[in-house]
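**Student:** Data file work.txt (compact mmCIF, C-alpha atoms) is appended below.
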# COMPACT_ATOMS: atom_id res chain seq x y z
CA MET A 1 44.96 4.04 -22.68
CA HIS A 2 44.57 2.31 -26.03
CA LEU A 3 41.81 0.22 -27.59
CA THR A 4 41.78 -2.88 -29.73
CA VAL A 5 38.80 -3.55 -31.96
CA GLN A 6 37.95 -6.77 -33.78
CA ARG A 7 35.35 -7.23 -36.49
CA THR A 8 31.88 -7.62 -35.00
CA ASP A 9 29.05 -9.08 -37.07
CA SER A 10 26.10 -8.11 -34.87
CA LEU A 11 25.05 -5.87 -32.01
CA GLU A 12 21.93 -6.12 -29.90
CA GLY A 13 20.34 -4.39 -26.96
CA SER A 14 18.99 -1.14 -25.56
CA VAL A 15 21.16 1.60 -24.05
CA LYS A 16 20.57 5.10 -22.74
CA ALA A 17 22.18 7.99 -24.58
CA PRO A 18 24.43 10.14 -22.40
CA ALA A 19 23.13 13.59 -21.57
CA SER A 20 23.79 16.34 -24.09
CA LYS A 21 27.10 18.13 -23.71
CA SER A 22 25.82 21.21 -25.51
CA TYR A 23 22.75 21.53 -23.31
CA THR A 24 24.64 20.75 -20.09
CA ILE A 25 27.24 23.47 -20.65
CA ARG A 26 24.64 26.07 -21.62
CA ALA A 27 22.47 25.15 -18.64
CA VAL A 28 25.37 25.42 -16.17
CA LEU A 29 26.53 28.80 -17.50
CA SER A 30 22.96 30.12 -17.70
CA ALA A 31 22.43 29.07 -14.08
CA LEU A 32 25.63 30.94 -13.17
CA LEU A 33 24.05 34.11 -14.59
CA ALA A 34 20.72 33.58 -12.78
CA ASP A 35 19.44 35.30 -9.66
CA GLY A 36 19.02 32.36 -7.26
CA THR A 37 19.44 28.61 -7.35
CA SER A 38 18.66 26.45 -10.40
CA ARG A 39 18.32 22.67 -10.53
CA ILE A 40 19.84 20.80 -13.45
CA LYS A 41 18.76 17.17 -13.56
CA ASP A 42 20.62 14.36 -15.35
CA PRO A 43 23.53 16.52 -16.57
CA LEU A 44 26.48 15.04 -18.42
CA PHE A 45 29.55 14.52 -16.25
CA SER A 46 32.49 14.50 -18.65
CA LEU A 47 35.76 16.39 -19.08
CA ASP A 48 34.09 19.10 -21.17
CA THR A 49 31.24 19.66 -18.72
CA LYS A 50 33.71 19.53 -15.81
CA ALA A 51 35.47 22.46 -17.46
CA ALA A 52 32.20 24.41 -17.57
CA MET A 53 31.38 23.57 -13.94
CA ASP A 54 34.86 24.60 -12.81
CA VAL A 55 34.54 27.92 -14.65
CA CYS A 56 31.11 28.43 -13.10
CA GLY A 57 32.58 27.99 -9.63
CA LYS A 58 35.51 30.31 -10.23
CA LEU A 59 33.26 33.05 -11.61
CA GLY A 60 31.21 33.05 -8.41
CA GLY A 61 28.64 30.31 -8.87
CA LYS A 62 28.17 27.61 -6.24
CA ILE A 63 27.51 24.04 -7.36
CA GLU A 64 26.19 21.25 -5.18
CA LYS A 65 25.36 17.72 -6.27
CA PHE A 66 22.12 16.01 -5.38
CA ASP A 67 20.72 12.60 -6.29
CA GLU A 68 19.34 13.65 -9.66
CA GLY A 69 21.99 16.16 -10.72
CA ILE A 70 23.33 19.51 -9.57
CA MET A 71 22.07 22.72 -7.99
CA VAL A 72 23.71 25.95 -9.14
CA GLU A 73 23.51 29.14 -7.12
CA GLY A 74 23.93 32.01 -9.57
CA VAL A 75 25.32 35.52 -9.28
CA ALA A 76 22.59 37.51 -11.12
CA GLY A 77 25.11 38.71 -13.68
CA LYS A 78 27.57 39.99 -11.06
CA ILE A 79 30.48 37.88 -12.26
CA LYS A 80 33.33 37.45 -9.78
CA ASN A 81 36.92 37.95 -10.90
CA PRO A 82 38.75 34.72 -9.97
CA ASN A 83 42.16 36.45 -10.00
CA SER A 84 43.55 33.32 -11.61
CA ILE A 85 43.63 31.90 -15.12
CA LEU A 86 40.50 29.98 -16.13
CA ASP A 87 41.47 26.63 -17.67
CA THR A 88 38.73 25.29 -19.96
CA LEU A 89 40.65 22.06 -20.72
CA ASN A 90 39.58 20.75 -24.16
CA SER A 91 36.18 22.47 -24.27
CA GLY A 92 35.70 24.88 -27.15
CA THR A 93 32.12 25.56 -26.13
CA THR A 94 33.20 26.50 -22.61
CA ILE A 95 36.03 28.87 -23.55
CA ARG A 96 33.98 30.71 -26.16
CA ILE A 97 30.83 31.21 -24.09
CA SER A 98 32.84 31.92 -20.93
CA THR A 99 34.98 34.55 -22.68
CA ALA A 100 31.84 36.57 -23.36
CA ILE A 101 30.51 36.01 -19.83
CA ALA A 102 33.86 37.03 -18.30
CA SER A 103 33.47 40.45 -19.91
CA LEU A 104 30.76 41.16 -17.31
CA ALA A 105 33.29 41.12 -14.46
CA LYS A 106 35.37 43.97 -13.07
CA GLY A 107 39.04 43.78 -13.89
CA THR A 108 40.89 41.48 -16.25
CA ILE A 109 40.20 37.76 -16.68
CA THR A 110 42.37 35.36 -18.68
CA LEU A 111 41.02 32.14 -20.19
CA THR A 112 43.01 29.31 -21.71
CA GLY A 113 42.77 25.60 -22.46
CA ASP A 114 44.84 22.66 -23.60
CA GLU A 115 47.10 22.62 -26.64
CA SER A 116 44.19 21.89 -28.97
CA ILE A 117 42.12 24.82 -27.62
CA CYS A 118 45.09 27.16 -28.05
CA ARG A 119 45.13 26.32 -31.77
CA ARG A 120 41.44 27.15 -32.27
CA PRO A 121 40.42 30.65 -33.40
CA ILE A 122 38.78 33.11 -31.03
CA GLN A 123 39.58 36.42 -32.77
CA PRO A 124 36.10 36.87 -34.35
CA LEU A 125 34.58 36.80 -30.86
CA ALA A 126 37.33 39.11 -29.57
CA ASN A 127 36.59 41.61 -32.35
CA ALA A 128 32.86 41.56 -31.57
CA LEU A 129 33.48 42.12 -27.86
CA ILE A 130 35.81 45.01 -28.65
CA GLN A 131 33.00 46.61 -30.69
CA LEU A 132 30.80 46.21 -27.60
CA GLY A 133 33.24 48.12 -25.38
CA VAL A 134 35.39 45.29 -23.97
CA LYS A 135 39.18 45.31 -23.95
CA VAL A 136 40.42 42.02 -25.39
CA LYS A 137 43.85 40.52 -26.09
CA THR A 138 44.51 37.19 -27.81
CA ALA A 139 47.59 35.18 -28.72
CA ASN A 140 47.65 35.88 -32.46
CA GLY A 141 43.91 35.29 -32.70
CA ASN A 142 43.85 32.17 -30.52
CA PRO A 143 43.66 31.52 -26.78
CA PRO A 144 44.89 32.42 -24.22
CA VAL A 145 42.42 35.31 -24.32
CA GLU A 146 42.31 38.22 -21.88
CA VAL A 147 39.12 40.24 -21.39
CA GLN A 148 38.41 43.38 -19.41
CA GLY A 149 34.85 44.65 -19.18
CA PRO A 150 32.37 46.05 -18.67
CA LEU A 151 30.29 44.89 -21.62
CA GLN A 152 28.77 48.14 -22.88
CA GLY A 153 26.45 46.72 -25.56
CA GLY A 154 25.58 48.49 -28.79
CA VAL A 155 26.18 47.05 -32.25
CA CYS A 156 28.75 44.47 -33.31
CA ASN A 157 29.47 42.65 -36.55
CA ILE A 158 30.70 39.06 -36.56
CA ARG A 159 31.15 36.36 -39.15
CA GLY A 160 29.05 33.24 -38.72
CA ASP A 161 31.00 30.69 -40.76
CA ILE A 162 33.73 29.81 -38.24
CA SER A 163 31.83 28.92 -35.07
CA SER A 164 28.27 29.44 -33.89
CA GLN A 165 29.70 29.30 -30.35
CA PHE A 166 30.83 32.91 -30.76
CA ILE A 167 27.24 33.99 -31.32
CA SER A 168 26.01 31.83 -28.44
CA GLY A 169 28.47 33.53 -26.09
CA LEU A 170 27.37 37.00 -27.15
CA LEU A 171 23.71 36.06 -26.78
CA MET A 172 24.23 34.74 -23.27
CA ALA A 173 26.25 37.72 -21.98
CA SER A 174 24.35 40.56 -23.67
CA PRO A 175 21.29 40.66 -21.36
CA TYR A 176 23.64 42.17 -18.73
CA ALA A 177 25.22 44.71 -21.10
CA LEU A 178 24.77 48.37 -20.19
CA LYS A 179 22.61 48.98 -23.27
CA ASP A 180 20.73 46.96 -25.88
CA THR A 181 22.86 44.79 -28.14
CA THR A 182 22.56 44.07 -31.86
CA ILE A 183 24.65 41.22 -33.23
CA ASN A 184 24.96 41.45 -37.03
CA ILE A 185 26.06 38.27 -38.86
CA THR A 186 28.26 39.19 -41.83
CA THR A 187 28.47 35.78 -43.54
CA GLU A 188 26.28 32.72 -43.85
CA LEU A 189 25.65 31.35 -40.34
CA LYS A 190 26.82 27.76 -40.05
CA SER A 191 25.51 25.38 -37.37
CA LYS A 192 22.27 27.35 -36.98
CA PRO A 193 20.64 24.69 -34.75
CA TYR A 194 23.23 25.37 -32.04
CA VAL A 195 22.15 29.02 -31.94
CA ASP A 196 18.52 27.86 -31.78
CA LEU A 197 19.51 25.65 -28.86
CA THR A 198 21.07 28.64 -27.07
CA ILE A 199 18.01 30.84 -27.60
CA ASN A 200 15.80 28.01 -26.34
CA MET A 201 17.93 27.81 -23.18
CA LEU A 202 17.66 31.58 -22.71
CA LYS A 203 13.87 31.31 -22.88
CA LEU A 204 13.97 28.73 -20.11
CA PHE A 205 15.74 31.30 -17.92
CA LYS A 206 13.22 34.01 -18.99
CA ILE A 207 15.66 35.91 -21.24
CA LYS A 208 14.49 37.55 -24.47
CA ALA A 209 16.59 37.44 -27.64
CA GLU A 210 15.15 38.19 -31.06
CA ASN A 211 16.34 36.24 -34.12
CA LYS A 212 16.18 38.32 -37.33
CA LYS A 213 16.30 35.38 -39.77
CA TYR A 214 19.85 34.54 -38.66
CA SER A 215 21.19 37.78 -40.17
CA ALA A 216 21.04 39.62 -36.85
CA PHE A 217 20.08 39.07 -33.22
CA LEU A 218 18.67 41.70 -30.87
CA VAL A 219 19.13 41.40 -27.10
CA PRO A 220 17.54 43.98 -24.78
CA SER A 221 19.60 45.13 -21.80
CA SER A 222 18.44 45.35 -18.17
CA GLN A 223 17.34 41.72 -18.16
CA VAL A 224 17.98 39.31 -15.28
CA TYR A 225 18.18 35.55 -15.67
CA SER A 226 15.49 33.82 -13.61
CA THR A 227 16.19 30.49 -11.97
CA ALA A 228 15.08 27.32 -13.73
CA GLU A 229 14.62 23.60 -13.26
CA TYR A 230 15.83 21.67 -16.27
CA THR A 231 16.33 18.02 -17.21
CA VAL A 232 19.10 17.55 -19.78
CA GLU A 233 18.08 15.48 -22.78
CA GLY A 234 20.19 12.78 -24.42
CA ASP A 235 22.96 13.67 -26.87
CA TYR A 236 22.40 12.87 -30.55
CA SER A 237 26.06 13.73 -31.24
CA SER A 238 27.22 10.86 -29.02
CA ALA A 239 24.37 8.50 -29.91
CA ALA A 240 25.25 8.85 -33.61
CA PHE A 241 28.17 6.44 -33.16
CA ILE A 242 25.96 3.76 -31.62
CA LEU A 243 23.24 4.16 -34.24
CA ALA A 244 25.79 4.05 -37.05
CA ALA A 245 27.40 0.89 -35.63
CA ALA A 246 24.00 -0.79 -35.61
CA ALA A 247 23.37 0.21 -39.23
CA LEU A 248 26.72 -1.22 -40.30
CA THR A 249 26.11 -4.66 -38.76
CA ASP A 250 23.37 -7.29 -38.57
CA SER A 251 21.83 -5.65 -35.54
CA GLU A 252 18.87 -4.27 -33.68
CA VAL A 253 19.82 -1.54 -31.23
CA ALA A 254 17.59 0.91 -29.37
CA VAL A 255 18.94 4.14 -27.90
CA THR A 256 16.70 5.77 -25.30
CA ASN A 257 16.77 9.35 -23.98
CA LEU A 258 16.71 10.70 -27.56
CA PHE A 259 13.81 13.10 -28.02
CA LYS A 260 11.90 13.20 -31.29
CA ASP A 261 11.31 16.96 -31.00
CA SER A 262 14.91 17.80 -30.07
CA LEU A 263 16.51 20.96 -31.50
CA GLN A 264 19.93 19.30 -31.66
CA ALA A 265 21.66 19.66 -35.02
CA ASP A 266 23.02 16.12 -34.95
CA LYS A 267 19.54 14.65 -34.96
CA LYS A 268 20.32 14.75 -38.69
CA ILE A 269 21.98 11.34 -38.23
CA ILE A 270 18.46 9.83 -38.42
CA GLU A 271 17.85 11.35 -41.85
CA ILE A 272 21.32 10.28 -43.03
CA LEU A 273 20.87 6.66 -41.94
CA LYS A 274 17.45 6.49 -43.59
CA ASP A 275 18.83 7.95 -46.83
CA MET A 276 21.60 5.33 -46.78
CA GLY A 277 19.02 2.56 -46.49
CA ALA A 278 18.97 1.69 -42.79
CA LYS A 279 15.70 0.92 -41.05
CA VAL A 280 15.21 3.58 -38.38
CA ASP A 281 12.25 3.68 -36.00
CA VAL A 282 11.84 7.02 -34.21
CA LYS A 283 9.63 7.18 -31.14
CA ARG A 284 8.96 10.07 -28.76
CA GLU A 285 12.03 9.37 -26.60
CA SER A 286 14.00 6.67 -28.39
CA VAL A 287 15.52 5.67 -31.73
CA THR A 288 15.89 2.06 -32.89
CA VAL A 289 18.10 0.99 -35.81
CA ARG A 290 17.70 -2.37 -37.49
CA GLY A 291 20.69 -2.95 -39.71
CA ASP A 292 21.87 -5.67 -42.04
CA GLY A 293 25.24 -4.09 -42.81
CA THR A 294 24.19 -2.95 -46.28
CA LEU A 295 24.12 0.78 -46.95
CA LYS A 296 24.28 2.96 -50.06
CA GLY A 297 26.38 6.04 -50.61
CA ILE A 298 24.77 9.48 -50.52
CA LYS A 299 25.60 13.15 -50.96
CA VAL A 300 25.24 14.98 -47.64
CA ASP A 301 25.51 18.65 -46.61
CA LEU A 302 26.88 18.86 -43.06
CA SER A 303 26.98 22.66 -42.80
CA ASP A 304 24.79 22.60 -39.69
CA SER A 305 26.19 19.32 -38.29
CA PRO A 306 30.00 19.35 -38.66
CA ASP A 307 30.40 17.06 -35.64
CA LEU A 308 28.84 14.26 -37.70
CA LEU A 309 31.65 14.29 -40.27
CA PRO A 310 33.80 11.60 -38.58
CA ILE A 311 31.02 9.02 -38.28
CA VAL A 312 29.41 9.82 -41.63
CA SER A 313 32.78 9.33 -43.31
CA VAL A 314 32.95 5.84 -41.73
CA LEU A 315 29.43 5.08 -42.98
CA GLY A 316 30.49 6.17 -46.46
CA ALA A 317 33.64 4.04 -46.36
CA CYS A 318 31.49 0.95 -45.70
CA ALA A 319 28.57 1.77 -48.03
CA ASP A 320 28.02 0.70 -51.62
CA GLY A 321 28.85 3.44 -54.11
CA GLU A 322 30.06 6.99 -53.53
CA THR A 323 29.47 9.25 -50.53
CA ILE A 324 30.15 12.97 -50.82
CA ILE A 325 30.36 15.06 -47.64
CA TYR A 326 30.38 18.77 -48.42
CA ASN A 327 29.84 22.29 -47.06
CA THR A 328 31.62 21.50 -43.81
CA GLU A 329 34.95 23.33 -44.05
CA HIS A 330 34.42 24.54 -40.46
CA ALA A 331 35.04 20.92 -39.36
CA ARG A 332 38.71 21.79 -39.87
CA LEU A 333 38.51 24.14 -36.85
CA LYS A 334 37.36 21.61 -34.26
CA GLU A 335 39.53 19.71 -31.74
CA CYS A 336 41.57 18.84 -34.79
CA ASP A 337 41.21 19.27 -38.54
CA ARG A 338 38.58 16.55 -38.78
CA ILE A 339 38.56 16.45 -42.56
CA LYS A 340 42.30 15.86 -42.67
CA ALA A 341 42.15 13.42 -39.73
CA MET A 342 39.44 11.18 -41.20
CA HIS A 343 41.14 11.22 -44.60
CA SER A 344 44.39 10.11 -42.95
CA GLU A 345 42.95 7.37 -40.72
CA LEU A 346 40.54 5.92 -43.29
CA LYS A 347 43.44 5.76 -45.77
CA LYS A 348 45.30 3.63 -43.22
CA MET A 349 42.30 1.29 -43.27
CA LYS A 350 42.54 1.01 -47.09
CA ALA A 351 39.51 3.19 -47.79
CA ASP A 352 39.17 5.00 -51.12
CA VAL A 353 38.85 8.56 -49.84
CA VAL A 354 39.71 11.97 -51.30
CA GLU A 355 40.00 15.14 -49.23
CA THR A 356 38.34 18.28 -50.60
CA GLN A 357 38.43 21.78 -49.18
CA ASP A 358 35.00 21.44 -47.59
CA GLY A 359 34.65 17.71 -47.04
CA LEU A 360 35.41 14.22 -48.33
CA VAL A 361 34.61 12.05 -51.34
CA ILE A 362 34.52 8.37 -50.41
CA LYS A 363 34.03 5.24 -52.51
CA GLY A 364 32.80 2.48 -50.27
CA GLY A 365 34.51 -0.87 -49.95
CA LYS A 366 36.17 -3.17 -47.45
CA LEU A 367 38.18 -1.77 -44.58
CA SER A 368 41.30 -3.35 -43.10
CA GLY A 369 42.45 -3.13 -39.51
CA ALA A 370 45.17 -0.57 -38.81
CA ILE A 371 46.89 1.43 -36.09
CA ILE A 372 44.84 4.60 -35.67
CA ASP A 373 45.88 7.91 -34.11
CA SER A 374 43.35 9.71 -31.91
CA TRP A 375 44.35 13.23 -33.00
CA ASN A 376 43.44 14.13 -29.40
CA ASP A 377 39.82 14.21 -30.61
CA HIS A 378 37.01 12.25 -28.95
CA ARG A 379 34.98 11.95 -32.16
CA ILE A 380 37.93 10.56 -34.12
CA VAL A 381 38.33 7.83 -31.48
CA MET A 382 34.65 6.86 -31.48
CA ALA A 383 34.47 6.88 -35.28
CA ALA A 384 37.54 4.64 -35.41
CA VAL A 385 35.89 2.14 -33.06
CA VAL A 386 32.90 1.90 -35.39
CA ALA A 387 35.20 1.52 -38.40
CA GLY A 388 37.12 -1.22 -36.56
CA ILE A 389 33.90 -3.15 -36.01
CA ARG A 390 33.54 -3.48 -39.78
CA ALA A 391 37.22 -3.89 -40.68
CA GLU A 392 38.97 -7.17 -41.37
CA GLY A 393 41.62 -7.95 -38.78
CA GLU A 394 42.51 -5.95 -35.69
CA THR A 395 42.31 -2.18 -35.28
CA LYS A 396 44.35 -0.46 -32.59
CA ILE A 397 43.39 3.05 -31.48
CA LYS A 398 46.03 5.03 -29.61
CA ASP A 399 45.30 7.45 -26.76
CA SER A 400 41.63 6.52 -26.75
CA GLU A 401 40.99 7.99 -23.29
CA VAL A 402 40.17 11.30 -25.01
CA ALA A 403 36.68 9.89 -25.69
CA ALA A 404 35.88 10.83 -22.07
CA VAL A 405 35.65 14.46 -23.17
CA THR A 406 32.00 13.86 -24.10
CA PHE A 407 31.22 10.14 -23.67
CA PRO A 408 33.03 8.59 -20.69
CA GLY A 409 31.16 5.27 -20.93
CA PHE A 410 31.43 4.76 -24.69
CA THR A 411 33.64 1.66 -24.62
CA GLN A 412 31.55 -0.03 -21.93
CA ILE A 413 28.30 0.64 -23.82
CA MET A 414 29.73 -0.76 -27.05
CA LYS A 415 30.88 -3.89 -25.21
CA LYS A 416 27.44 -4.24 -23.62
CA LEU A 417 25.93 -4.29 -27.12
CA GLY A 418 28.35 -7.01 -28.19
CA ALA A 419 31.20 -5.11 -29.85
CA ASN A 420 34.62 -6.75 -29.76
CA VAL A 421 36.42 -3.79 -28.23
CA ASN A 422 38.90 -3.91 -25.34
CA GLU A 423 41.21 -1.60 -23.47
CA PHE A 424 44.93 -2.31 -23.17
Could the structure of this file be written out as C-alpha cells, please?
**Tutor:**
Amino acid sequence: MHLTVQRTDSLEGSVKAPASKSYTIRAVLSALLADGTSRIKDPLFSLDTKAAMDVCGKLGGKIEKFDEGIMVEGVAGKIKNPNSILDTLNSGTTIRISTAIASLAKGTITLTGDESICRRPIQPLANALIQLGVKVKTANGNPPVEVQGPLQGGVCNIRGDISSQFISGLLMASPYALKDTTINITTELKSKPYVDLTINMLKLFKIKAENKKYSAFLVPSSQVYSTAEYTVEGDYSSAAFILAAAALTDSEVAVTNLFKDSLQADKKIIEILKDMGAKVDVKRESVTVRGDGTLKGIKVDLSDSPDLLPIVSVLGACADGETIIYNTEHARLKECDRIKAMHSELKKMKADVVETQDGLVIKGGKLSGAIIDSWNDHRIVMAAVVAGIRAEGETKIKDSEVAAVTFPGFTQIMKKLGANVNEF
C-alpha cells in the first residue's frame, strides 16, 4: 500500500489516541509471568502487540478477548518451552524483553524477527544473561538469539546507551531468578523513562525492584507476580504526529486518552511544541493544540525520547530559524537508522538538513512534495505524512502499510481531521 498526501491548510476535530504500545507489551508479558488471570483493558491491537501476544501464548500463557480487552492466564514464572522458533515480527521491545523471559524456561528457546529486527543489536543483553548463568548464542551480536536457562541471578554489568529495553527485560525476568539480581549500568542510561515505565508496571503486579539512581537496579529473588487489572493509557509516541500536524497548520485539534501524569518519555512532545511557539492546552486526560502554522526553531536533547526524532525533524524543517536535534545517536539503532532516514527523505523534500553523529541540524523553510521511502519504519511513514501536509505539491509515500506496527488507524484519523491523504 502507498499513500498520497496533498498540502492541507487546516485540521479540526477531536480524536482518541491509540493505546500505548510500550504499556501494552509490558502488561501482556507481565501477565504471562503472573500467578492467575489478569485483565488488560483497552490494549493496543497492532502488529507489534500481536507479536507480544503470540509470544505470550507460545510461552504458556492463555489469552482470551472480552468486550473491553483481553484476559491473560499466567504461568507464575514457569515458562513453557514452545519447541519452535518465536517470531517477534518487527517488535524490538518484544524480542528483547522476551529473550530475558525465555531464560526462565527449561531447554533451549530461539527468538527471531523480521529483517529489520535481525539487524538490531542484542549482544549487550546476551552478555548480561550469560553473567547471570544463562547460555546464549547470537548471530554476530544480532538476532536470531538462542537462550538456555535457568536464570541463576547474581551480578551483571550492562551498558545503558544502546537500548533501555535490555534493562527492562532483565528487570522483568529477575524476580524468578534463583538468587537476588544486581544489574549494574556501565554507561549513561538513555531512555530512562522507559525503565521507569517498566518498574511502574512491576509495582502493579506486586514486584519489587530498587532503582539506585539509574546506576544499578536490585531485584530480590523468590518473588511471584500477582495478577492485576490494568487499563492501558493512550500513546504519546503515536499522538505526537497528530499534535505536530495541528501545530504546523491553521488548526485546533484535541487528542483524548493522553494522561497529564503519564510516565511516557514521549510526553516531551508537549514541551517541544510549546518551546517552538505552539499553543498547547494540557488537561488531565487530553491535549489540545491550536496552531497557526508558525513555529520557531529550537535546540532539543532527545536522549530520553529517540522515537520523537522523525516528527521533531519535520517540525524543524517547517519552522523559522534553526533546529538542532542532539544526543540521540541511539536513534540509529531503531527499526532503521532514523537519523540517516530523515536526513535522506527531508533532502528529497528540499529541506536544508545536515546529518550529525548524534542528530540533525535543520534550517527551516518550504518543503516540496516528493516520493518518500518508508525504510520499513512506521515512524518514518507517519512523519512523512505530516511533512506532506505542509509541502507544496504531492507527496507519495511507498510501503506505508508499515504504520500498522503501532498505529493501524493513523491514515483514517488524519483524514477525519481533514488531512488530504489517500491510499492507492
**Student:** Quick one: 8 Å padding each side, axis-aligned, all listed atoms of segment 140-150 of chain A - centre and edge lengths in Å to one decimal, as lines of an AutoDock Vina configuration file?
**Tutor:**
center_x = 40.0
center_y = 38.8
center_z = -25.7
size_x = 31.3
size_y = 30.5
size_z = 30.0
**Student:** Show me, as a Markdown table, the residues of segment 152-211 of chain A having an atom within 12 Å of segment 130-145 of chain A, each with the closest atom pair and its distance in Å, using only C-alpha atoms.
**Tutor:**
| residue | atom | partner | partner_atom | distance |
| --- | --- | --- | --- | --- |
| A:Gln152 | CA | A:Gly133 | CA | 5.1 |
| A:Gly153 | CA | A:Leu132 | CA | 4.8 |
| A:Gly154 | CA | A:Leu132 | CA | 5.8 |
| A:Val155 | CA | A:Leu132 | CA | 6.6 |
| A:Cys156 | CA | A:Gln131 | CA | 5.4 |
| A:Asn157 | CA | A:Gln131 | CA | 7.9 |
| A:Ile158 | CA | A:Gln131 | CA | 9.8 |
| A:Leu170 | CA | A:Leu132 | CA | 9.8 |
| A:Ala173 | CA | A:Leu132 | CA | 11.2 |
| A:Ser174 | CA | A:Leu132 | CA | 9.4 |
| A:Ala177 | CA | A:Leu132 | CA | 8.7 |
| A:Leu178 | CA | A:Leu132 | CA | 9.8 |
| A:Lys179 | CA | A:Leu132 | CA | 9.7 |
| A:Asp180 | CA | A:Leu132 | CA | 10.2 |
| A:Thr181 | CA | A:Leu132 | CA | 8.1 |
| A:Thr182 | CA | A:Leu132 | CA | 9.5 |
| A:Ile183 | CA | A:Leu132 | CA | 9.7 |
| A:Asn184 | CA | A:Gln131 | CA | 11.5 |
**Student:** With all atoms listed in the file as the basis for distance, which of A:Ala331, A:Cys56, A:Ile270, A:Ala319 is at the shortest distance from Pro306 of chain A?
**Tutor:**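 Of A:Ala331, A:Cys56, A:Ile270, A:Ala319, the one nearest Pro306 of chain A, counting all atoms listed in the file, is A:Ala331.
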**Student:** Rounded to one decimal in Å, what is the spacing between atom CA of His330 of chain A and atom CA of Lys50 of chain A?
**Tutor:**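 About the pair atom CA of His330 of chain A and atom CA of Lys50 of chain A: they are 25.2 Å apart.
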**Student:** What is the atom CA of Gln223 of chain A-atom CA of Ile207 of chain A distance in Å, reported with one decimal?
**Tutor:**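 Calculated distance between atom CA of Gln223 of chain A and atom CA of Ile207 of chain A is 6.8 Å.
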**Student:** What lies within 9 Å of segment 410-412 of chain A using all atoms listed in the file, ignoring chain neighbours under 5 positions off, as a ChimeraX atom specification?
**Tutor:** /A:3,238,242,382,385,403-404,417,419,421-423
**Student:** Calculate how many Å separate atom CA of Ala387 of chain A from atom CA of Val314 of chain A, rounding to one decimal.
**Tutor:**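 Interatomic distance here is 5.9 Å.
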**Student:** Compare A:Leu243, A:Ala126, A:Leu302, A:Met201 by their minimum atom-to-atom distance to Tyr225 of chain A, counting all atoms listed in the file, and give me the closest one.
**Tutor:**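 For Tyr225 of chain A, the nearest of the given residues is A:Met201.
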